[in-house]
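Dropping model06.pdb in here (PDB, N, CA and C atoms):
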```pdb
ATOM      1  N   MET E   1     123.282 206.979 -42.696  1.00  0.00           N
ATOM      2  CA  MET E   1     122.356 205.934 -42.275  1.00  0.00           C
ATOM      3  C   MET E   1     123.128 204.836 -41.557  1.00  0.00           C
ATOM      4  N   ILE E   2     122.584 204.398 -40.454  1.00  0.00           N
ATOM      5  CA  ILE E   2     123.243 203.360 -39.674  1.00  0.00           C
ATOM      6  C   ILE E   2     122.647 202.000 -40.022  1.00  0.00           C
ATOM      7  N   ASN E   3     123.515 201.015 -40.206  1.00  0.00           N
ATOM      8  CA  ASN E   3     123.058 199.670 -40.533  1.00  0.00           C
ATOM      9  C   ASN E   3     123.659 198.674 -39.536  1.00  0.00           C
ATOM     10  N   GLU E   4     123.411 197.408 -39.755  1.00  0.00           N
ATOM     11  CA  GLU E   4     123.852 196.382 -38.811  1.00  0.00           C
ATOM     12  C   GLU E   4     125.368 196.341 -38.668  1.00  0.00           C
ATOM     13  N   GLU E   5     126.100 196.518 -39.771  1.00  0.00           N
ATOM     14  CA  GLU E   5     127.561 196.531 -39.702  1.00  0.00           C
ATOM     15  C   GLU E   5     128.047 197.703 -38.853  1.00  0.00           C
ATOM     16  N   ASN E   6     127.415 198.873 -39.039  1.00  0.00           N
ATOM     17  CA  ASN E   6     127.784 200.042 -38.244  1.00  0.00           C
ATOM     18  C   ASN E   6     127.524 199.789 -36.763  1.00  0.00           C
ATOM     19  N   ILE E   7     126.403 199.187 -36.447  1.00  0.00           N
ATOM     20  CA  ILE E   7     126.060 198.900 -35.056  1.00  0.00           C
ATOM     21  C   ILE E   7     127.084 197.954 -34.438  1.00  0.00           C
ATOM     22  N   ASP E   8     127.463 196.922 -35.180  1.00  0.00           N
ATOM     23  CA  ASP E   8     128.475 195.984 -34.688  1.00  0.00           C
ATOM     24  C   ASP E   8     129.805 196.699 -34.439  1.00  0.00           C
ATOM     25  N   PHE E   9     130.183 197.591 -35.352  1.00  0.00           N
ATOM     26  CA  PHE E   9     131.447 198.301 -35.209  1.00  0.00           C
ATOM     27  C   PHE E   9     131.397 199.297 -34.058  1.00  0.00           C
ATOM     28  N   VAL E  10     130.286 199.986 -33.903  1.00  0.00           N
ATOM     29  CA  VAL E  10     130.132 200.922 -32.783  1.00  0.00           C
ATOM     30  C   VAL E  10     130.240 200.152 -31.468  1.00  0.00           C
ATOM     31  N   THR E  11     129.598 199.008 -31.391  1.00  0.00           N
ATOM     32  CA  THR E  11     129.667 198.171 -30.186  1.00  0.00           C
ATOM     33  C   THR E  11     131.103 197.760 -29.907  1.00  0.00           C
ATOM     34  N   TYR E  12     131.817 197.384 -30.952  1.00  0.00           N
ATOM     35  CA  TYR E  12     133.229 197.006 -30.825  1.00  0.00           C
ATOM     36  C   TYR E  12     134.047 198.191 -30.309  1.00  0.00           C
ATOM     37  N   CYS E  13     133.876 199.354 -30.917  1.00  0.00           N
ATOM     38  CA  CYS E  13     134.624 200.549 -30.514  1.00  0.00           C
ATOM     39  C   CYS E  13     134.338 200.929 -29.064  1.00  0.00           C
ATOM     40  N   VAL E  14     133.089 200.903 -28.686  1.00  0.00           N
ATOM     41  CA  VAL E  14     132.720 201.234 -27.309  1.00  0.00           C
ATOM     42  C   VAL E  14     133.364 200.242 -26.347  1.00  0.00           C
ATOM     43  N   GLY E  15     133.338 198.985 -26.689  1.00  0.00           N
ATOM     44  CA  GLY E  15     133.910 197.953 -25.818  1.00  0.00           C
ATOM     45  C   GLY E  15     135.403 198.110 -25.615  1.00  0.00           C
ATOM     46  N   ILE E  16     136.141 198.264 -26.701  1.00  0.00           N
ATOM     47  CA  ILE E  16     137.602 198.358 -26.570  1.00  0.00           C
ATOM     48  C   ILE E  16     138.012 199.673 -25.910  1.00  0.00           C
ATOM     49  N   LEU E  17     137.294 200.744 -26.225  1.00  0.00           N
ATOM     50  CA  LEU E  17     137.633 202.037 -25.640  1.00  0.00           C
ATOM     51  C   LEU E  17     137.290 202.075 -24.151  1.00  0.00           C
ATOM     52  N   SER E  18     136.173 201.478 -23.768  1.00  0.00           N
ATOM     53  CA  SER E  18     135.789 201.474 -22.354  1.00  0.00           C
ATOM     54  C   SER E  18     136.803 200.702 -21.523  1.00  0.00           C
ATOM     55  N   ARG E  19     137.313 199.595 -22.049  1.00  0.00           N
ATOM     56  CA  ARG E  19     138.338 198.834 -21.323  1.00  0.00           C
ATOM     57  C   ARG E  19     139.624 199.641 -21.202  1.00  0.00           C
ATOM     58  N   CYS E  20     140.001 200.331 -22.257  1.00  0.00           N
ATOM     59  CA  CYS E  20     141.222 201.141 -22.257  1.00  0.00           C
ATOM     60  C   CYS E  20     141.113 202.297 -21.262  1.00  0.00           C
ATOM     61  N   LEU E  21     139.958 202.918 -21.175  1.00  0.00           N
ATOM     62  CA  LEU E  21     139.759 204.087 -20.326  1.00  0.00           C
ATOM     63  C   LEU E  21     139.283 203.741 -18.920  1.00  0.00           C
ATOM     64  N   ASN E  22     139.043 202.453 -18.666  1.00  0.00           N
ATOM     65  CA  ASN E  22     138.489 202.007 -17.372  1.00  0.00           C
ATOM     66  C   ASN E  22     137.183 202.727 -17.052  1.00  0.00           C
ATOM     67  N   LYS E  23     136.329 202.816 -18.057  1.00  0.00           N
ATOM     68  CA  LYS E  23     135.001 203.415 -17.891  1.00  0.00           C
ATOM     69  C   LYS E  23     133.958 202.370 -18.264  1.00  0.00           C
ATOM     70  N   SER E  24     132.741 202.578 -17.820  1.00  0.00           N
ATOM     71  CA  SER E  24     131.677 201.662 -18.212  1.00  0.00           C
ATOM     72  C   SER E  24     131.374 201.860 -19.695  1.00  0.00           C
ATOM     73  N   GLN E  25     130.803 200.846 -20.297  1.00  0.00           N
ATOM     74  CA  GLN E  25     130.432 200.964 -21.708  1.00  0.00           C
ATOM     75  C   GLN E  25     129.359 202.037 -21.880  1.00  0.00           C
ATOM     76  N   HIS E  26     128.478 202.147 -20.924  1.00  0.00           N
ATOM     77  CA  HIS E  26     127.430 203.165 -20.971  1.00  0.00           C
ATOM     78  C   HIS E  26     128.042 204.565 -20.990  1.00  0.00           C
ATOM     79  N   ASP E  27     128.985 204.816 -20.077  1.00  0.00           N
ATOM     80  CA  ASP E  27     129.643 206.122 -20.027  1.00  0.00           C
ATOM     81  C   ASP E  27     130.455 206.400 -21.287  1.00  0.00           C
ATOM     82  N   THR E  28     131.122 205.374 -21.790  1.00  0.00           N
ATOM     83  CA  THR E  28     131.926 205.531 -23.010  1.00  0.00           C
ATOM     84  C   THR E  28     131.037 205.845 -24.199  1.00  0.00           C
ATOM     85  N   TYR E  29     129.926 205.142 -24.331  1.00  0.00           N
ATOM     86  CA  TYR E  29     128.984 205.415 -25.420  1.00  0.00           C
ATOM     87  C   TYR E  29     128.484 206.856 -25.339  1.00  0.00           C
ATOM     88  N   ASN E  30     128.085 207.270 -24.145  1.00  0.00           N
ATOM     89  CA  ASN E  30     127.578 208.638 -23.979  1.00  0.00           C
ATOM     90  C   ASN E  30     128.649 209.680 -24.290  1.00  0.00           C
ATOM     91  N   MET E  31     129.890 209.407 -23.906  1.00  0.00           N
ATOM     92  CA  MET E  31     130.986 210.318 -24.188  1.00  0.00           C
ATOM     93  C   MET E  31     131.184 210.458 -25.702  1.00  0.00           C
ATOM     94  N   LEU E  32     131.164 209.337 -26.415  1.00  0.00           N
ATOM     95  CA  LEU E  32     131.319 209.363 -27.867  1.00  0.00           C
ATOM     96  C   LEU E  32     130.139 210.073 -28.533  1.00  0.00           C
ATOM     97  N   LYS E  33     128.948 209.794 -28.044  1.00  0.00           N
ATOM     98  CA  LYS E  33     127.745 210.408 -28.627  1.00  0.00           C
ATOM     99  C   LYS E  33     127.704 211.905 -28.346  1.00  0.00           C
ATOM    100  N   ASP E  34     127.896 212.283 -27.093  1.00  0.00           N
ATOM    101  CA  ASP E  34     127.792 213.689 -26.699  1.00  0.00           C
ATOM    102  C   ASP E  34     128.871 214.561 -27.337  1.00  0.00           C
ATOM    103  N   SER E  35     130.045 213.985 -27.602  1.00  0.00           N
ATOM    104  CA  SER E  35     131.143 214.747 -28.201  1.00  0.00           C
ATOM    105  C   SER E  35     131.013 214.869 -29.718  1.00  0.00           C
ATOM    106  N   GLY E  36     130.087 214.106 -30.288  1.00  0.00           N
ATOM    107  CA  GLY E  36     129.909 214.131 -31.733  1.00  0.00           C
ATOM    108  C   GLY E  36     130.789 213.136 -32.468  1.00  0.00           C
ATOM    109  N   VAL E  37     131.624 212.417 -31.732  1.00  0.00           N
ATOM    110  CA  VAL E  37     132.541 211.457 -32.351  1.00  0.00           C
ATOM    111  C   VAL E  37     131.777 210.259 -32.925  1.00  0.00           C
ATOM    112  N   LEU E  38     130.743 209.847 -32.252  1.00  0.00           N
ATOM    113  CA  LEU E  38     130.000 208.667 -32.693  1.00  0.00           C
ATOM    114  C   LEU E  38     129.372 208.863 -34.071  1.00  0.00           C
ATOM    115  N   PHE E  39     128.505 209.869 -34.186  1.00  0.00           N
ATOM    116  CA  PHE E  39     127.781 210.049 -35.448  1.00  0.00           C
ATOM    117  C   PHE E  39     128.470 211.015 -36.407  1.00  0.00           C
ATOM    118  N   GLY E  40     129.520 211.694 -35.933  1.00  0.00           N
ATOM    119  CA  GLY E  40     130.253 212.604 -36.800  1.00  0.00           C
ATOM    120  C   GLY E  40     131.564 212.032 -37.291  1.00  0.00           C
ATOM    121  N   TYR E  41     131.969 210.879 -36.736  1.00  0.00           N
ATOM    122  CA  TYR E  41     133.256 210.299 -37.113  1.00  0.00           C
ATOM    123  C   TYR E  41     133.176 208.780 -37.303  1.00  0.00           C
ATOM    124  N   ILE E  42     132.805 208.055 -36.251  1.00  0.00           N
ATOM    125  CA  ILE E  42     132.831 206.587 -36.319  1.00  0.00           C
ATOM    126  C   ILE E  42     131.862 206.049 -37.365  1.00  0.00           C
ATOM    127  N   VAL E  43     130.615 206.454 -37.292  1.00  0.00           N
ATOM    128  CA  VAL E  43     129.605 205.913 -38.226  1.00  0.00           C
ATOM    129  C   VAL E  43     129.891 206.331 -39.674  1.00  0.00           C
ATOM    130  N   PRO E  44     130.141 207.616 -39.957  1.00  0.00           N
ATOM    131  CA  PRO E  44     130.378 207.986 -41.353  1.00  0.00           C
ATOM    132  C   PRO E  44     131.664 207.399 -41.944  1.00  0.00           C
ATOM    133  N   LEU E  45     132.651 207.150 -41.094  1.00  0.00           N
ATOM    134  CA  LEU E  45     133.933 206.639 -41.601  1.00  0.00           C
ATOM    135  C   LEU E  45     134.111 205.143 -41.365  1.00  0.00           C
ATOM    136  N   TYR E  46     133.018 204.459 -41.116  1.00  0.00           N
ATOM    137  CA  TYR E  46     133.066 203.017 -40.859  1.00  0.00           C
ATOM    138  C   TYR E  46     133.850 202.271 -41.926  1.00  0.00           C
ATOM    139  N   ASP E  47     133.588 202.569 -43.207  1.00  0.00           N
ATOM    140  CA  ASP E  47     134.232 201.837 -44.305  1.00  0.00           C
ATOM    141  C   ASP E  47     135.751 201.841 -44.208  1.00  0.00           C
ATOM    142  N   VAL E  48     136.321 202.928 -43.720  1.00  0.00           N
ATOM    143  CA  VAL E  48     137.770 203.017 -43.561  1.00  0.00           C
ATOM    144  C   VAL E  48     138.201 202.504 -42.189  1.00  0.00           C
ATOM    145  N   LEU E  49     137.540 202.973 -41.142  1.00  0.00           N
ATOM    146  CA  LEU E  49     137.970 202.657 -39.781  1.00  0.00           C
ATOM    147  C   LEU E  49     137.964 201.166 -39.463  1.00  0.00           C
ATOM    148  N   HIS E  50     136.999 200.434 -39.997  1.00  0.00           N
ATOM    149  CA  HIS E  50     136.909 199.021 -39.615  1.00  0.00           C
ATOM    150  C   HIS E  50     138.066 198.185 -40.155  1.00  0.00           C
ATOM    151  N   THR E  51     138.870 198.765 -41.043  1.00  0.00           N
ATOM    152  CA  THR E  51     140.016 198.031 -41.594  1.00  0.00           C
ATOM    153  C   THR E  51     141.274 198.179 -40.735  1.00  0.00           C
ATOM    154  N   PHE E  52     141.247 199.080 -39.746  1.00  0.00           N
ATOM    155  CA  PHE E  52     142.419 199.335 -38.924  1.00  0.00           C
ATOM    156  C   PHE E  52     142.468 198.403 -37.712  1.00  0.00           C
ATOM    157  N   SER E  53     143.645 198.330 -37.109  1.00  0.00           N
ATOM    158  CA  SER E  53     143.843 197.469 -35.947  1.00  0.00           C
ATOM    159  C   SER E  53     143.156 198.041 -34.714  1.00  0.00           C
ATOM    160  N   ARG E  54     142.986 197.195 -33.750  1.00  0.00           N
ATOM    161  CA  ARG E  54     142.402 197.574 -32.463  1.00  0.00           C
ATOM    162  C   ARG E  54     143.207 198.701 -31.834  1.00  0.00           C
ATOM    163  N   GLU E  55     144.525 198.559 -31.854  1.00  0.00           N
ATOM    164  CA  GLU E  55     145.401 199.563 -31.247  1.00  0.00           C
ATOM    165  C   GLU E  55     145.259 200.913 -31.948  1.00  0.00           C
ATOM    166  N   TYR E  56     145.190 200.879 -33.278  1.00  0.00           N
ATOM    167  CA  TYR E  56     145.042 202.127 -34.031  1.00  0.00           C
ATOM    168  C   TYR E  56     143.721 202.808 -33.687  1.00  0.00           C
ATOM    169  N   ILE E  57     142.660 202.035 -33.619  1.00  0.00           N
ATOM    170  CA  ILE E  57     141.335 202.597 -33.329  1.00  0.00           C
ATOM    171  C   ILE E  57     141.328 203.235 -31.941  1.00  0.00           C
ATOM    172  N   ILE E  58     141.905 202.558 -30.965  1.00  0.00           N
ATOM    173  CA  ILE E  58     141.968 203.123 -29.612  1.00  0.00           C
ATOM    174  C   ILE E  58     142.757 204.427 -29.619  1.00  0.00           C
ATOM    175  N   GLN E  59     143.913 204.418 -30.259  1.00  0.00           N
ATOM    176  CA  GLN E  59     144.747 205.619 -30.318  1.00  0.00           C
ATOM    177  C   GLN E  59     144.027 206.749 -31.050  1.00  0.00           C
ATOM    178  N   ASP E  60     143.386 206.426 -32.156  1.00  0.00           N
ATOM    179  CA  ASP E  60     142.678 207.421 -32.956  1.00  0.00           C
ATOM    180  C   ASP E  60     141.525 208.047 -32.169  1.00  0.00           C
ATOM    181  N   LEU E  61     140.729 207.215 -31.530  1.00  0.00           N
ATOM    182  CA  LEU E  61     139.579 207.727 -30.784  1.00  0.00           C
ATOM    183  C   LEU E  61     140.000 208.513 -29.544  1.00  0.00           C
ATOM    184  N   THR E  62     141.009 208.035 -28.833  1.00  0.00           N
ATOM    185  CA  THR E  62     141.453 208.785 -27.657  1.00  0.00           C
ATOM    186  C   THR E  62     142.063 210.125 -28.075  1.00  0.00           C
ATOM    187  N   SER E  63     142.803 210.156 -29.165  1.00  0.00           N
ATOM    188  CA  SER E  63     143.358 211.424 -29.656  1.00  0.00           C
ATOM    189  C   SER E  63     142.248 212.392 -30.038  1.00  0.00           C
ATOM    190  N   LEU E  64     141.251 211.890 -30.709  1.00  0.00           N
ATOM    191  CA  LEU E  64     140.128 212.736 -31.120  1.00  0.00           C
ATOM    192  C   LEU E  64     139.363 213.269 -29.906  1.00  0.00           C
ATOM    193  N   LEU E  65     139.144 212.407 -28.919  1.00  0.00           N
ATOM    194  CA  LEU E  65     138.445 212.840 -27.709  1.00  0.00           C
ATOM    195  C   LEU E  65     139.260 213.872 -26.929  1.00  0.00           C
ATOM    196  N   LYS E  66     140.582 213.734 -26.953  1.00  0.00           N
ATOM    197  CA  LYS E  66     141.447 214.728 -26.307  1.00  0.00           C
ATOM    198  C   LYS E  66     141.360 216.059 -27.037  1.00  0.00           C
ATOM    199  N   GLU E  67     141.359 216.022 -28.373  1.00  0.00           N
ATOM    200  CA  GLU E  67     141.228 217.250 -29.159  1.00  0.00           C
ATOM    201  C   GLU E  67     139.925 217.967 -28.848  1.00  0.00           C
ATOM    202  N   LYS E  68     138.884 217.198 -28.600  1.00  0.00           N
ATOM    203  CA  LYS E  68     137.568 217.781 -28.309  1.00  0.00           C
ATOM    204  C   LYS E  68     137.439 218.185 -26.843  1.00  0.00           C
ATOM    205  N   GLY E  69     138.470 217.913 -26.046  1.00  0.00           N
ATOM    206  CA  GLY E  69     138.457 218.291 -24.648  1.00  0.00           C
ATOM    207  C   GLY E  69     137.647 217.381 -23.746  1.00  0.00           C
ATOM    208  N   VAL E  70     137.332 216.208 -24.229  1.00  0.00           N
ATOM    209  CA  VAL E  70     136.539 215.254 -23.452  1.00  0.00           C
ATOM    210  C   VAL E  70     137.426 214.443 -22.520  1.00  0.00           C
ATOM    211  N   LEU E  71     138.634 214.169 -22.953  1.00  0.00           N
ATOM    212  CA  LEU E  71     139.597 213.425 -22.111  1.00  0.00           C
ATOM    213  C   LEU E  71     140.702 214.357 -21.653  1.00  0.00           C
TER     214      LEU E  71
END
```
Please render this file's structure as structure tokens.
Amino acid sequence: MINEENIDFVTYCVGILSRCLNKSQHDTYNMLKDSGVLFGYIVPLYDVLHTFSREYIIQDLTSLLKEKGVL
């Protein structure tokens, strides 16, 4: 179940990742959603992920997207 904290964190993740990848936030959101990373990783693991640094989150998400063949 997604709640307000999850929405805030998803927005944060999309923002930092889009800047890192030089993509629009819209494209970044769709990439995360279509790859299953958004609802299969970020939202369910919010309790753990939100405690990590910005750099760690960027590295973690880009590595995961590379594993899935999206990047």
Neighbour list for range 53-59 of chain E as an NGL selection string, cut-off 8 Å, only N, CA and C atoms, skip fewer than 6 positions in-chain:
:E and (13 or 16-17 or 20 or 65)
Using only C-alpha atoms, determine which residues lie at most 8 Å from range 40-51 of chain E, disregarding the query and same-chain residues fewer than 5 positions distant; provide the list as a PyMOL selection string.
chain E and resi 2+6+9-10+57
Output file for the residues above (N, CA and C atoms, as an mmCIF file, in the frame of the given file):
```cif
data_model
loop_
_atom_site.group_PDB
_atom_site.id
_atom_site.type_symbol
_atom_site.label_atom_id
_atom_site.label_comp_id
_atom_site.auth_asym_id
_atom_site.auth_seq_id
_atom_site.Cartn_x
_atom_site.Cartn_y
_atom_site.Cartn_z
ATOM 1 N N ILE E 2 122.584 204.398 -40.454
ATOM 2 C CA ILE E 2 123.243 203.360 -39.674
ATOM 3 C C ILE E 2 122.647 202.000 -40.022
ATOM 4 N N ASN E 6 127.415 198.873 -39.039
ATOM 5 C CA ASN E 6 127.784 200.042 -38.244
ATOM 6 C C ASN E 6 127.524 199.789 -36.763
ATOM 7 N N PHE E 9 130.183 197.591 -35.352
ATOM 8 C CA PHE E 9 131.447 198.301 -35.209
ATOM 9 C C PHE E 9 131.397 199.297 -34.058
ATOM 10 N N VAL E 10 130.286 199.986 -33.903
ATOM 11 C CA VAL E 10 130.132 200.922 -32.783
ATOM 12 C C VAL E 10 130.240 200.152 -31.468
ATOM 13 N N ILE E 57 142.660 202.035 -33.619
ATOM 14 C CA ILE E 57 141.335 202.597 -33.329
ATOM 15 C C ILE E 57 141.328 203.235 -31.941
#
```
What separation in Å, quoted to one decimal, exists between atom C of Arg19 in chain E and atom C of Leu71 in chain E?
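A separation of 14.8 Å between them.
Relative to atom C of Thr28 in chain E, CA of Val14 in chain E is found at 5.8 Å.
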Would you give me, as a ChimeraX atom specification, the residues in chain E that DSSP reads as alpha helix (DSSP H)?
/E:4-21,25-35,37,46-49,54-67
Gap from CA of Ile7 in chain E to atom C of Val70 in chain E - Å, one decimal:
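These two atoms are separated by 23.0 Å.
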